[in-house]
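Asker: My structure file target17.txt, compact mmCIF, C-alpha atoms and all ligand atoms, is below:
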# COMPACT_ATOMS: atom_id res chain seq x y z
CA MET R 1 10.89 17.11 -4.16
CA SER R 2 7.76 15.49 -2.72
CA VAL R 3 4.14 15.44 -3.84
CA VAL R 4 2.83 14.24 -0.48
CA ALA R 5 4.25 15.43 2.84
CA ALA R 6 2.58 14.49 6.09
CA GLU R 7 3.01 14.51 9.81
CA VAL R 8 -0.13 13.07 11.32
CA SER R 9 -1.46 12.42 14.80
CA LYS R 10 -5.03 11.16 15.02
CA TRP R 11 -6.46 8.64 17.48
CA ALA R 12 -4.08 5.67 17.50
CA VAL R 13 -1.77 7.27 14.88
CA LYS R 14 1.02 9.06 16.71
CA GLY R 15 3.22 11.49 14.82
CA VAL R 16 3.57 9.54 11.59
CA SER R 17 5.77 11.58 9.29
CA PHE R 18 6.78 10.82 5.70
CA GLU R 19 7.11 12.23 2.19
CA LEU R 20 6.33 10.66 -1.17
CA PRO R 21 8.15 11.65 -4.36
CA PRO R 22 6.09 12.27 -7.51
CA GLY R 23 5.33 9.17 -9.56
CA SER R 24 6.17 6.82 -6.70
CA VAL R 25 4.17 3.71 -5.81
CA THR R 26 4.10 3.14 -2.06
CA ALA R 27 2.72 0.15 -0.18
CA LEU R 28 1.35 0.95 3.29
CA VAL R 29 1.61 -2.18 5.41
CA GLY R 30 0.85 -3.03 9.03
CA ALA R 31 -1.16 -5.35 11.25
CA ASN R 32 -4.90 -4.89 11.84
CA GLY R 33 -5.49 -1.73 13.82
CA SER R 34 -2.02 -0.28 13.20
CA GLY R 35 -3.54 2.92 11.80
CA LYS R 36 -3.41 2.58 8.00
CA THR R 37 -7.04 3.52 7.37
CA THR R 38 -6.88 6.41 9.82
CA LEU R 39 -3.77 7.75 8.09
CA LEU R 40 -5.35 7.45 4.62
CA ASN R 41 -8.55 9.12 5.84
CA VAL R 42 -6.57 12.07 7.18
CA LEU R 43 -4.53 12.34 3.96
CA ALA R 44 -7.73 12.25 1.90
CA GLY R 45 -9.23 15.02 4.02
CA HIS R 46 -12.03 12.77 5.34
CA LEU R 47 -10.80 13.16 8.93
CA PRO R 48 -9.19 16.20 10.53
CA ALA R 49 -5.81 15.49 12.09
CA GLU R 50 -5.48 16.16 15.83
CA SER R 51 -2.08 17.67 15.21
CA GLY R 52 0.47 17.85 12.45
CA HIS R 53 -0.04 18.78 8.84
CA THR R 54 -0.56 17.22 5.44
CA SER R 55 0.29 18.71 2.12
CA ILE R 56 -0.60 17.17 -1.22
CA ALA R 57 0.29 18.81 -4.50
CA GLY R 58 -2.60 18.44 -6.93
CA ARG R 59 -5.87 16.55 -7.03
CA VAL R 60 -6.47 13.53 -4.81
CA ALA R 61 -8.73 10.53 -5.37
CA TYR R 62 -9.41 8.14 -2.49
CA VAL R 63 -10.97 4.69 -2.61
CA PRO R 64 -11.87 3.71 0.98
CA GLN R 65 -11.74 0.12 2.15
CA HIS R 66 -15.52 -0.44 2.16
CA LYS R 67 -16.11 1.24 -1.19
CA PRO R 68 -19.20 3.21 -0.20
CA MET R 69 -21.65 3.60 -3.09
CA TYR R 70 -25.45 3.83 -3.25
CA LYS R 71 -26.70 0.28 -3.79
CA GLY R 72 -29.67 1.53 -5.83
CA PHE R 73 -27.48 3.43 -8.32
CA LYS R 74 -26.75 1.77 -11.63
CA VAL R 75 -23.12 1.63 -12.69
CA LYS R 76 -23.80 4.27 -15.36
CA ASP R 77 -25.37 6.51 -12.66
CA VAL R 78 -22.18 6.25 -10.62
CA LEU R 79 -20.17 7.35 -13.64
CA GLU R 80 -22.57 10.26 -14.23
CA PHE R 81 -22.11 11.16 -10.54
CA GLY R 82 -18.36 11.12 -11.13
CA ARG R 83 -18.71 13.39 -14.15
CA ARG R 84 -20.77 15.91 -12.20
CA MET R 85 -18.61 15.84 -9.05
CA ASN R 86 -15.24 16.31 -10.73
CA THR R 87 -14.01 19.44 -12.45
CA VAL R 88 -11.67 17.24 -14.50
CA TRP R 89 -13.38 14.07 -15.69
CA ARG R 90 -12.15 11.49 -18.18
CA GLY R 91 -15.21 9.34 -18.78
CA ASP R 92 -13.34 7.48 -21.51
CA LEU R 93 -10.78 6.21 -18.97
CA ALA R 94 -13.51 5.12 -16.56
CA ASP R 95 -15.46 3.43 -19.39
CA ALA R 96 -12.36 1.67 -20.69
CA TRP R 97 -11.63 0.26 -17.22
CA LEU R 98 -15.19 -1.10 -16.85
CA LYS R 99 -15.12 -2.58 -20.35
CA ARG R 100 -11.77 -4.24 -19.71
CA TYR R 101 -13.18 -5.96 -16.63
CA LYS R 102 -16.61 -6.64 -18.18
CA VAL R 103 -18.68 -4.73 -15.61
CA PRO R 104 -22.18 -4.12 -17.07
CA ARG R 105 -23.12 -0.42 -16.90
CA ARG R 106 -26.86 -1.17 -16.63
CA LEU R 107 -26.63 -3.20 -13.38
CA GLN R 108 -27.29 -1.72 -9.95
CA ILE R 109 -24.38 -1.51 -7.51
CA GLY R 110 -26.27 -3.78 -5.10
CA ASP R 111 -26.38 -6.53 -7.74
CA LEU R 112 -22.63 -6.52 -8.45
CA SER R 113 -20.09 -8.94 -7.01
CA GLY R 114 -17.46 -7.58 -4.60
CA GLY R 115 -14.87 -7.71 -7.37
CA GLN R 116 -17.12 -5.79 -9.78
CA ARG R 117 -17.76 -3.12 -7.12
CA THR R 118 -13.99 -2.81 -6.77
CA HIS R 119 -13.78 -2.10 -10.51
CA VAL R 120 -16.50 0.57 -10.33
CA THR R 121 -14.66 2.43 -7.56
CA LEU R 122 -11.35 2.15 -9.41
CA ALA R 123 -12.99 3.39 -12.64
CA LEU R 124 -14.43 6.34 -10.71
CA ALA R 125 -11.04 7.15 -9.19
CA LEU R 126 -9.19 6.86 -12.51
CA GLY R 127 -11.81 8.97 -14.33
CA ALA R 128 -11.12 11.79 -11.88
CA ARG R 129 -7.53 11.94 -13.21
CA PRO R 130 -5.95 12.47 -9.78
CA ASP R 131 -2.36 13.47 -9.23
CA VAL R 132 -2.35 11.37 -6.06
CA LEU R 133 -4.33 8.15 -5.77
CA LEU R 134 -5.00 6.76 -2.27
CA LEU R 135 -6.34 3.21 -2.10
CA ASP R 136 -7.26 1.37 1.12
CA GLU R 137 -6.86 -2.37 0.55
CA PRO R 138 -8.09 -1.92 -3.01
CA LEU R 139 -7.83 -5.50 -4.19
CA SER R 140 -9.02 -7.37 -1.10
CA GLU R 141 -12.18 -8.62 -2.83
CA LEU R 142 -10.37 -9.99 -5.86
CA ASP R 143 -8.98 -13.49 -6.26
CA PRO R 144 -5.16 -13.85 -6.39
CA LEU R 145 -4.96 -14.10 -10.19
CA ALA R 146 -7.27 -11.11 -10.67
CA ARG R 147 -5.27 -9.13 -8.10
CA ARG R 148 -2.11 -9.62 -10.08
CA LYS R 149 -3.75 -8.55 -13.36
CA VAL R 150 -5.55 -5.56 -11.85
CA MET R 151 -2.45 -4.33 -10.03
CA SER R 152 -0.50 -4.54 -13.27
CA SER R 153 -3.20 -2.48 -15.10
CA LEU R 154 -3.29 0.00 -12.24
CA LEU R 155 0.48 0.46 -12.41
CA THR R 156 0.20 1.14 -16.15
CA GLU R 157 -2.48 3.79 -15.53
CA VAL R 158 -0.44 5.31 -12.72
CA SER R 159 2.74 5.58 -14.76
CA ASP R 160 1.00 6.62 -18.03
CA ASN R 161 -0.73 9.48 -16.22
CA GLY R 162 2.13 10.50 -13.94
CA MET R 163 0.17 9.69 -10.78
CA THR R 164 1.57 9.01 -7.32
CA LEU R 165 0.04 5.95 -5.67
CA LEU R 166 -0.23 5.11 -1.98
CA TYR R 167 -2.10 1.89 -1.25
CA SER R 168 -2.57 -0.20 1.86
CA THR R 169 -2.35 -3.96 1.71
CA HIS R 170 -2.02 -7.04 3.88
CA VAL R 171 -0.58 -9.14 1.07
CA VAL R 172 3.10 -8.40 1.55
CA ALA R 173 4.08 -11.20 -0.84
CA GLU R 174 2.51 -9.19 -3.68
CA ILE R 175 4.41 -5.95 -3.04
CA GLY R 176 7.61 -7.10 -4.76
CA GLY R 177 7.88 -5.68 -8.28
CA VAL R 178 4.92 -3.38 -7.61
CA ALA R 179 5.82 -0.89 -4.90
CA ASP R 180 9.00 1.14 -5.07
CA ARG R 181 8.49 2.41 -1.52
CA LEU R 182 7.37 0.77 1.71
CA LEU R 183 5.73 2.34 4.76
CA LEU R 184 5.41 -0.19 7.58
CA MET R 185 3.21 0.78 10.52
CA HIS R 186 2.92 -0.72 13.97
CA ASN R 187 0.75 0.58 16.79
CA GLY R 188 0.23 3.90 15.06
CA LYS R 189 3.93 4.54 14.38
CA LEU R 190 6.17 4.07 11.36
CA LEU R 191 8.60 1.20 11.78
CA VAL R 192 10.06 1.37 8.29
CA ASP R 193 10.00 4.05 5.60
CA GLY R 194 12.16 3.57 2.56
CA GLU R 195 12.67 2.51 -1.01
CA THR R 196 12.08 -1.21 -1.41
CA ASP R 197 15.31 -1.74 -3.39
CA ASP R 198 17.38 0.02 -0.71
CA LEU R 199 15.66 -1.89 2.09
CA LEU R 200 16.32 -5.20 0.36
CA GLU R 201 20.00 -4.33 -0.09
CA GLU R 202 20.40 -3.14 3.50
CA HIS R 203 18.94 -6.23 5.20
CA VAL R 204 21.06 -9.38 5.33
CA LEU R 205 20.36 -12.60 7.22
CA TYR R 206 23.42 -14.20 8.79
CA THR R 207 23.25 -17.80 9.95
CA GLY R 208 25.97 -19.63 11.84
CA PRO R 209 26.99 -21.28 15.10
CA HIS R 210 25.28 -20.32 18.34
CA ALA R 211 26.43 -16.79 19.22
CA SER R 212 25.27 -13.82 21.23
CA THR R 213 26.24 -11.27 18.56
CA PRO R 214 26.21 -11.33 14.75
CA PRO R 215 29.44 -11.67 12.78
CA VAL R 216 29.10 -8.10 11.40
CA GLU R 217 28.44 -4.58 12.67
CA GLY R 218 24.95 -3.16 12.20
CA ASN R 219 21.49 -2.78 13.61
CA VAL R 220 20.15 -6.21 14.58
CA VAL R 221 16.50 -6.32 13.50
CA LEU R 222 15.90 -9.83 14.76
CA ALA R 223 17.99 -12.54 16.43
CA LYS R 224 16.94 -16.18 16.68
CA HIS R 225 18.78 -18.88 18.55
CA GLY R 226 18.50 -22.63 18.34
CA GLU R 227 20.55 -25.13 20.32
CA ALA R 228 23.49 -25.08 17.94
CA GLN R 229 22.65 -22.28 15.57
CA SER R 230 21.96 -18.55 15.63
CA SER R 231 20.60 -16.28 12.94
CA PHE R 232 20.64 -12.49 12.84
CA LEU R 233 18.82 -10.19 10.47
CA VAL R 234 21.10 -7.16 10.32
CA ARG R 235 20.34 -3.79 8.76
CA SER R 236 23.27 -2.05 7.06
CA GLY R 237 24.95 -5.43 6.90
CA GLY R 238 26.19 -6.82 3.64
CA GLU R 239 29.80 -7.47 4.56
CA ARG R 240 31.27 -10.82 3.60
CA VAL R 241 31.52 -13.36 6.40
CA ASP R 242 33.85 -16.29 6.94
CA GLU R 243 32.66 -19.87 7.20
CA PRO R 244 30.84 -21.36 8.97
CA TRP R 245 28.68 -18.20 8.77
CA THR R 246 26.51 -17.78 5.71
CA ALA R 247 24.79 -14.62 4.52
CA ARG R 248 21.77 -14.11 2.29
CA TYR R 249 19.39 -11.33 1.31
CA VAL R 250 15.80 -11.65 2.50
CA THR R 251 12.46 -11.19 0.75
CA LEU R 252 10.29 -8.16 1.49
CA GLU R 253 7.90 -10.47 3.32
CA GLU R 254 10.69 -11.76 5.59
CA LEU R 255 11.84 -8.19 6.19
CA VAL R 256 8.34 -6.99 7.14
CA VAL R 257 7.69 -9.99 9.39
CA ALA R 258 11.05 -9.52 11.15
CA HIS R 259 10.40 -5.84 11.89
CA LEU R 260 6.92 -6.67 13.17
CA GLU R 261 8.23 -9.57 15.30
CA ARG R 262 10.80 -7.26 16.87
CA ALA R 263 8.15 -4.62 17.58
CA VAL R 264 5.68 -6.87 19.43
N1 LIG K 1 -13.48 7.14 16.28
C1 LIG K 1 -12.36 6.64 16.81
N2 LIG K 1 -11.87 7.12 17.98
C2 LIG K 1 -10.75 6.63 18.52
N3 LIG K 1 -10.02 5.62 17.96
C3 LIG K 1 -10.46 5.11 16.80
C4 LIG K 1 -11.64 5.58 16.16
N4 LIG K 1 -11.81 4.89 15.01
C5 LIG K 1 -10.79 4.00 14.94
N5 LIG K 1 -9.99 4.13 16.01
C6 LIG K 1 -8.79 3.30 16.33
O1 LIG K 1 -7.72 3.56 15.47
C7 LIG K 1 -6.91 2.38 15.42
C8 LIG K 1 -6.41 2.20 14.02
O2 LIG K 1 -7.48 1.75 13.20
P1 LIG K 1 -7.33 1.71 11.61
O3 LIG K 1 -8.66 1.29 11.05
O4 LIG K 1 -6.74 2.98 11.13
O5 LIG K 1 -6.27 0.54 11.43
P2 LIG K 1 -5.87 -0.29 10.12
O6 LIG K 1 -4.39 -0.42 10.16
O7 LIG K 1 -6.46 0.30 8.90
O8 LIG K 1 -6.53 -1.70 10.40
P3 LIG K 1 -7.06 -2.84 9.38
O9 LIG K 1 -5.83 -3.44 8.76
O10 LIG K 1 -7.74 -3.78 10.28
O11 LIG K 1 -7.96 -2.19 8.38
C9 LIG K 1 -7.72 1.23 15.95
O12 LIG K 1 -7.20 0.83 17.19
C10 LIG K 1 -9.10 1.82 16.11
O13 LIG K 1 -9.75 1.28 17.22
As structure tokens, what does this structure read like?

Answerer:
Amino acid sequence: MSVVAAEVSKWAVKGVSFELPPGSVTALVGANGSGKTTLLNVLAGHLPAESGHTSIAGRVAYVPQHKPMYKGFKVKDVLEFGRRMNTVWRGDLADAWLKRYKVPRRLQIGDLSGGQRTHVTLALALGARPDVLLLDEPLSELDPLARRKVMSSLLTEVSDNGMTLLYSTHVVAEIGGVADRLLLMHNGKLLVDGETDDLLEEHVLYTGPHASTPPVEGNVVLAKHGEAQSSFLVRSGGERVDEPWTARYVTLEELVVAHLERAV
């Protein structure tokens, strides 16, 4: 069963097709210009697809990358706007989020820091009690420590309220322990779509003497050769290897970088 199903072609995005199960947390990753924002805009209904279809079960909230809000509005006006624009509105959830992050309700949006504006948009999105939450680089204006804390609070909200989360990010190192699914885009196409745990189990890095092929069967994601040594990142690997070959699992960051290196 899926809560989001999409097959999207729009501008640089060419036939990207995927499904998200309910309650999943998916990181959407890819280089600048790979099509993440376009895809999210189509899913959110902000852009019409050129071809394909999208289907989302339930209410959707979308926080775009540039967090558009009227600079002259006070924070409390934005919340009032949220109350009036949403048929389901949980002002208490929005208020609690702003209180937790000490965002003053009387200040105008134009007088807030980038991080505080992030919190206003997240409070607005959470107050709308969506079934599916789409976030485009939501934490890019927060410092690394704040990002960690905010992502942890977001995950609590998402799981407490049974939401499905799809968020784009450039910080691959911070996906581990957060996202249970990964969508990796390159040049408007999906390079990788899968559960992070499965992906981590399927990819094994073999290092050994200089060789033209790896010591195991499988799909070679990336091969690197030095003068005396070769290494192969193999998908569906995992078999034991004899010395002098060694095998190890890779991090999500290594996995993403390897797929991107192969694609360019
Ligand atoms: N109006 C448009 N018409 C045609 N192509 C467009 C239009 N707007 C954006 N694009 C192209 O779509 C491509 C994907 O851009 P998009 O913003 O979706 O990428 P992104 O992965 O979100 O990038 P970033 O990580 O930099 O935010 C880019 O090459 C961009 O030039």

Asker: Please, what distance in Å, to one decimal, runs between CA of Ser9 in chain R and CA of Leu191 in chain R?

Answerer: 15.4 Å

Asker: Could you tell me how far CA of Lys74 in chain R sits from CA of Leu107 in chain R, in Å to one decimal place?

Answerer: 5.3 Å

Asker: For range 161-164 of chain R, please output as an mmCIF file with C-alpha atoms, in the coordinates of the input all residues within 7 Å (counting all atoms listed in the file; exclusion window: fewer than 6 positions along the same chain).

Answerer:
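Output (result_8.cif):
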data_model
loop_
_atom_site.group_PDB
_atom_site.id
_atom_site.type_symbol
_atom_site.label_atom_id
_atom_site.label_comp_id
_atom_site.auth_asym_id
_atom_site.auth_seq_id
_atom_site.Cartn_x
_atom_site.Cartn_y
_atom_site.Cartn_z
ATOM 1 C CA PRO R 22 6.090 12.270 -7.510
ATOM 2 C CA GLY R 23 5.330 9.170 -9.560
ATOM 3 C CA SER R 24 6.170 6.820 -6.700
ATOM 4 C CA VAL R 25 4.170 3.710 -5.810
ATOM 5 C CA PRO R 130 -5.950 12.470 -9.780
ATOM 6 C CA ASP R 131 -2.360 13.470 -9.230
ATOM 7 C CA VAL R 132 -2.350 11.370 -6.060
ATOM 8 C CA LEU R 133 -4.330 8.150 -5.770
#

Asker: Leaving out range 61-71 of chain R and any residue of its chain fewer than 5 positions from it, which residues lie within 6 Å of it when counting only C-alpha atoms, given as a PyMOL selection string?

Answerer: chain R and resi 109-110+125+130+133-137

Asker: Using all atoms listed in the file, which residues sit within 8 Å of Arg181 in chain R once same-chain residues fewer than 6 positions away are excluded, as a PyMOL selection string?

Answerer: chain R and resi 24-27+193-196

Asker: Could the residues in this selection be written to a file with C-alpha atoms, as an mmCIF file, in the coordinates of the input?

Answerer:
data_model
loop_
_atom_site.group_PDB
_atom_site.id
_atom_site.type_symbol
_atom_site.label_atom_id
_atom_site.label_comp_id
_atom_site.auth_asym_id
_atom_site.auth_seq_id
_atom_site.Cartn_x
_atom_site.Cartn_y
_atom_site.Cartn_z
ATOM 1 C CA SER R 24 6.170 6.820 -6.700
ATOM 2 C CA VAL R 25 4.170 3.710 -5.810
ATOM 3 C CA THR R 26 4.100 3.140 -2.060
ATOM 4 C CA ALA R 27 2.720 0.150 -0.180
ATOM 5 C CA ASP R 193 10.000 4.050 5.600
ATOM 6 C CA GLY R 194 12.160 3.570 2.560
ATOM 7 C CA GLU R 195 12.670 2.510 -1.010
ATOM 8 C CA THR R 196 12.080 -1.210 -1.410
#

Asker: Just want the 7 Å neighbourhood of range 220-224 of chain R, counted on all atoms listed in the file, with same-chain residues fewer than 2 positions away dropped. Output as a ChimeraX atom specification.

Answerer: /R:218,226,230-235,258-259,262

Asker: Can I get the selection written as a PDB file, in the coordinates of the input, with C-alpha atoms?

Answerer:
ATOM      1  CA  GLY R 218      24.950  -3.160  12.200  1.00  0.00           C
ATOM      2  CA  GLY R 226      18.500 -22.630  18.340  1.00  0.00           C
ATOM      3  CA  SER R 230      21.960 -18.550  15.630  1.00  0.00           C
ATOM      4  CA  SER R 231      20.600 -16.280  12.940  1.00  0.00           C
ATOM      5  CA  PHE R 232      20.640 -12.490  12.840  1.00  0.00           C
ATOM      6  CA  LEU R 233      18.820 -10.190  10.470  1.00  0.00           C
ATOM      7  CA  VAL R 234      21.100  -7.160  10.320  1.00  0.00           C
ATOM      8  CA  ARG R 235      20.340  -3.790   8.760  1.00  0.00           C
ATOM      9  CA  ALA R 258      11.050  -9.520  11.150  1.00  0.00           C
ATOM     10  CA  HIS R 259      10.400  -5.840  11.890  1.00  0.00           C
ATOM     11  CA  ARG R 262      10.800  -7.260  16.870  1.00  0.00           C
TER      12      ARG R 262
END

Asker: Write out as a tab-separated table a residue-level contact list of chain R versus ligand LIG 1 (chain K) with cut-off 9 Å: for each qualifying residue the closest pair of atoms and the distance in Å to one decimal, counting only C-alpha atoms and all ligand atoms, rows sorted by chain and residue number upward.

Answerer:
residue	atom	partner	partner_atom	distance
R:Lys10	CA	K:LIG1	N3	8.0
R:Trp11	CA	K:LIG1	N3	4.7
R:Ala12	CA	K:LIG1	O1	4.7
R:Val13	CA	K:LIG1	C8	6.9
R:Val29	CA	K:LIG1	O6	7.9
R:Gly30	CA	K:LIG1	O6	6.0
R:Ala31	CA	K:LIG1	O9	5.6
R:Asn32	CA	K:LIG1	O10	3.4
R:Gly33	CA	K:LIG1	O5	3.4
R:Ser34	CA	K:LIG1	O6	3.9
R:Gly35	CA	K:LIG1	O4	3.3
R:Lys36	CA	K:LIG1	O6	3.8
R:Thr37	CA	K:LIG1	O7	3.6
R:Thr38	CA	K:LIG1	O4	3.7
R:Leu39	CA	K:LIG1	O4	6.4
R:Leu40	CA	K:LIG1	O4	8.0
R:Asn41	CA	K:LIG1	O4	8.3
R:Gln65	CA	K:LIG1	O11	7.6
R:Asp136	CA	K:LIG1	O7	7.9
R:Glu137	CA	K:LIG1	O11	7.9
R:Ser168	CA	K:LIG1	O7	8.1
R:Thr169	CA	K:LIG1	O9	7.9
R:His170	CA	K:LIG1	O9	7.2
R:Met185	CA	K:LIG1	O6	7.7
R:His186	CA	K:LIG1	O6	8.2
R:Asn187	CA	K:LIG1	C8	7.8
R:Gly188	CA	K:LIG1	C8	6.9

Asker: Enter the distance from CA of Val75 in chain R to CA of Ala94 in chain R, in Å, rounded to one decimal.

Answerer: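 CA of Val75 in chain R sits 10.9 Å away from CA of Ala94 in chain R.
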
Asker: In terms of the shortest atom-to-atom distance over only C-alpha atoms, which of R:Gly114, R:Ala57, R:Met85, R:Tyr206 is closest to Leu142 in chain R?

Answerer: R:Gly114

Asker: Write out as a ChimeraX atom specification the residues lying within 12 Å of Ser152 in chain R, counting all atoms listed in the file and excluding same-chain residues fewer than 6 positions away.

Answerer: /R:139,145-146,158-159,174-175,177-179

Asker: Which of these, R:Arg83, R:Arg59, R:His210, R:Lys149, has the shortest distance to Tyr101 in chain R once you count only C-alpha atoms?

Answerer: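 For Tyr101 in chain R, the nearest of the candidates is R:Lys149.
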
Asker: Measuring between only C-alpha atoms, which one of R:Glu202, R:Leu112, R:Val120, R:His53 shows the shortest distance to Phe81 in chain R?

Answerer: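 Using only C-alpha atoms, Phe81 in chain R sits closest to R:Val120.
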
Asker: Quick one: of R:His203, R:Pro144, R:Thr156, R:Asp180, who's nearest to Leu20 in chain R, counting all atoms listed in the file?

Answerer: R:Asp180

Asker: Pick from R:Phe18, R:Pro48, R:Glu254, R:Asn86: nearest to Val60 in chain R, with all atoms listed in the file counted?

Answerer: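 Among the listed residues, R:Asn86 lies closest to Val60 in chain R.
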
Asker: Restricting the calculation to all atoms listed in the file, which member of R:Leu93, R:Val103, R:Val3, R:Val204 is positioned closest to Arg129 in chain R?

Answerer: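 Between R:Leu93, R:Val103, R:Val3, R:Val204, the residue approaching Arg129 in chain R most closely is R:Leu93.
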
Asker: Axis-aligned box over every listed atom of range 44-55 of chain R, padded by 8 Å per side: centre and edges in Å to one decimal, as lines of an AutoDock Vina configuration file?

Answerer:
center_x = -5.8
center_y = 15.5
center_z = 8.9
size_x = 28.5
size_y = 22.5
size_z = 29.9

Asker: Need the neighbours of (-23.7, 5.1, -17.8): which residues are at most 10 Å away, counting all atoms listed in the file, as an MDAnalysis selection string?

Answerer: chainID R and resid 74:81 91 95 104:107

Asker: Every residue with an atom at most 10 Å from (28.5, -14.8, 4.2) (file coordinates; only C-alpha atoms) is what I'm after, so could you write them as a list in words?

Answerer: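 These residues have at least one counted atom within 10 Å: Val204, Leu205, Tyr206, Thr207, Gly208, Pro215, Val216, Gly238, Glu239, Arg240, Val241, Asp242, Glu243, Pro244, Trp245, Thr246, Ala247 and Arg248 of chain R.
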
Asker: Export C-alpha atoms of the chosen residues as an mmCIF file, in the frame of the given file?

Answerer:
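The file below, again-v3.cif, is the result:
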data_model
loop_
_atom_site.group_PDB
_atom_site.id
_atom_site.type_symbol
_atom_site.label_atom_id
_atom_site.label_comp_id
_atom_site.auth_asym_id
_atom_site.auth_seq_id
_atom_site.Cartn_x
_atom_site.Cartn_y
_atom_site.Cartn_z
ATOM 1 C CA VAL R 204 21.060 -9.380 5.330
ATOM 2 C CA LEU R 205 20.360 -12.600 7.220
ATOM 3 C CA TYR R 206 23.420 -14.200 8.790
ATOM 4 C CA THR R 207 23.250 -17.800 9.950
ATOM 5 C CA GLY R 208 25.970 -19.630 11.840
ATOM 6 C CA PRO R 215 29.440 -11.670 12.780
ATOM 7 C CA VAL R 216 29.100 -8.100 11.400
ATOM 8 C CA GLY R 238 26.190 -6.820 3.640
ATOM 9 C CA GLU R 239 29.800 -7.470 4.560
ATOM 10 C CA ARG R 240 31.270 -10.820 3.600
ATOM 11 C CA VAL R 241 31.520 -13.360 6.400
ATOM 12 C CA ASP R 242 33.850 -16.290 6.940
ATOM 13 C CA GLU R 243 32.660 -19.870 7.200
ATOM 14 C CA PRO R 244 30.840 -21.360 8.970
ATOM 15 C CA TRP R 245 28.680 -18.200 8.770
ATOM 16 C CA THR R 246 26.510 -17.780 5.710
ATOM 17 C CA ALA R 247 24.790 -14.620 4.520
ATOM 18 C CA ARG R 248 21.770 -14.110 2.290
#
